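Encoded as structure tokens, the structure appears first; notes follow it.
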Amino acid sequence: MRHVWGIVPAAGAGSRIQPLAFSKELLPVGSRRDHDVDRPRAVSEYLVERMLHAGASRICFVISPGKSDIVEYYGGTYTLSSEDAGHTRAAELCYVVQPSPVGLCDAMFRALPLIGARDHVLVGLPDTVWFPVDGFARMPDDRLSFLLFPVDHPERFDAVLTDEGDAVREIRVKREDAGTPWIWGAFGMPGHVLHDLHALFLERERSDEYVGTLVNAYLARGGLARAVRHGETYVDVGTLHGYREGIRLLGELADRTSTGGRR
């Protein structure tokens, strides 16, 4: 049976926004309705919900040894109610441990034993808020693909250079010469591509901390990746400035919704 998996890399120390009394992935940003009651929403819920919107039925959190509060917060299932459609979506949750925070590649591959070659995989960052909500669903599921967002300071992120047909040519990781305002904010791939990337990661002696450098090596070997320019707004909430920006963005969205606007 084919499953859609979400991988949530949540093992980072969150040094950019410390000190906190809890894991940065549980930072309250905005709110959600729960049985007709508004309650604070953890920032990582935005990513989880976008994964559910794309059909994920299994989600793996990759956590560090000290982040038991994430397990306590989420438990074994996550249910998303749809007020418009009148139905719910649910995913089973599991947790694996990354012993030390040695990068996104290592974190992502901690979930590899759970994922079959025929499965589909969605990956995002749990300290970000982005729109549209159905961004994952807009990416093809037959190849490695990146959901791109336009930002004002691409040098702070991983900029994605493409050809005229939106095939990925290069990912520039936090470089001043970003060359484009488009960065990746999430990505997806078939399970067999995740296994191929892992084999390359091992061949390169686990030297890749960032996904961008590993993908560049994958492309150099003849691998293919697609860029999807459907991202609208992207906020990294992992800094104090980003946290304030996230609150502002969600406030504007709430105002727009209350006056009949849509996002």
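Please note that chains go A, B, ... in the order of the structure tokens, that every chain numbers its residues from 1, and that ligands are numbered from 1 in the order shown.
Of the residues in range 75-212 of chain A, those given alpha helix (DSSP H) by DSSP on the backbone are Leu104, Cys105, Asp106, Ala107, Met108, Phe109, Gly191, His192, Val193, Leu194, His195, Asp196, Leu197, His198, Ala199, Leu200, Phe201, Leu202, Glu203, Val211 and Gly212 of chain A.
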Within 7 Å of Asp166 in chain A, counting only C-alpha atoms, which residues show up once you throw out same-chain ones fewer than 4 positions away? Write them as a compact mmCIF listing (two decimals) with N, CA, C and O atoms, in the first residue's frame, please.
```txt
# COMPACT_ATOMS: atom_id res chain seq x y z
N THR A 162 16.60 28.07 -11.72
CA THR A 162 15.92 27.14 -12.62
C THR A 162 16.19 27.53 -14.07
O THR A 162 16.68 28.63 -14.37
N ARG A 226 12.12 19.51 -9.95
CA ARG A 226 11.19 20.49 -10.52
C ARG A 226 10.94 21.60 -9.52
O ARG A 226 10.79 21.36 -8.32
N ALA A 227 10.88 22.84 -9.99
CA ALA A 227 10.51 23.98 -9.15
C ALA A 227 9.06 24.34 -9.43
O ALA A 227 8.62 24.39 -10.58
```
Review point. Given the choices A:Tyr46, A:Leu27, A:Ala217, A:Ala225, which gets closest to Asp163 in chain A if the distance is worked out from only C-alpha atoms?
Key: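 Ranked by minimum distance to Asp163 in chain A, first place goes to A:Ala225.
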Within 9 Å of Ala11 in chain A, counting only C-alpha atoms, which residues qualify if same-chain residues fewer than 3 places away don't, as a short mmCIF file (atom, residue, chain, number, x, y, z; two decimals) with N, CA and C atoms, in the first residue's frame?
```
data_model
loop_
_atom_site.label_atom_id
_atom_site.label_comp_id
_atom_site.auth_asym_id
_atom_site.auth_seq_id
_atom_site.Cartn_x
_atom_site.Cartn_y
_atom_site.Cartn_z
N GLY A 14 17.08 25.77 18.25
CA GLY A 14 16.33 27.02 18.30
C GLY A 14 17.10 28.16 18.92
N PHE A 61 7.87 12.96 13.25
CA PHE A 61 8.64 14.04 13.85
C PHE A 61 10.03 13.53 14.18
N VAL A 62 11.04 14.26 13.74
CA VAL A 62 12.42 13.94 14.10
C VAL A 62 12.82 14.91 15.20
N ILE A 63 13.05 14.39 16.40
CA ILE A 63 13.27 15.25 17.56
C ILE A 63 14.62 14.94 18.20
N SER A 64 15.09 15.87 19.01
CA SER A 64 16.31 15.64 19.79
C SER A 64 15.93 14.95 21.10
N PRO A 65 16.89 14.38 21.83
CA PRO A 65 16.56 13.65 23.06
C PRO A 65 15.83 14.48 24.11
N GLY A 66 16.00 15.80 24.11
CA GLY A 66 15.38 16.62 25.14
C GLY A 66 14.03 17.20 24.79
N LYS A 67 13.45 16.78 23.66
CA LYS A 67 12.21 17.41 23.21
C LYS A 67 10.98 16.53 23.43
N VAL A 97 14.50 9.84 16.94
CA VAL A 97 15.43 10.73 17.61
C VAL A 97 16.67 10.96 16.76
N GLN A 98 17.04 12.22 16.62
CA GLN A 98 18.33 12.60 16.05
C GLN A 98 19.24 12.93 17.24
N PRO A 99 20.25 12.10 17.51
CA PRO A 99 21.04 12.27 18.74
C PRO A 99 21.68 13.63 18.91
N SER A 100 22.13 14.23 17.80
CA SER A 100 22.72 15.57 17.86
C SER A 100 22.29 16.34 16.63
N PRO A 101 22.16 17.68 16.73
CA PRO A 101 21.65 18.48 15.60
C PRO A 101 22.73 18.72 14.56
N ALA A 107 18.70 14.68 9.67
CA ALA A 107 17.38 14.61 10.31
C ALA A 107 16.37 13.93 9.39
#
```
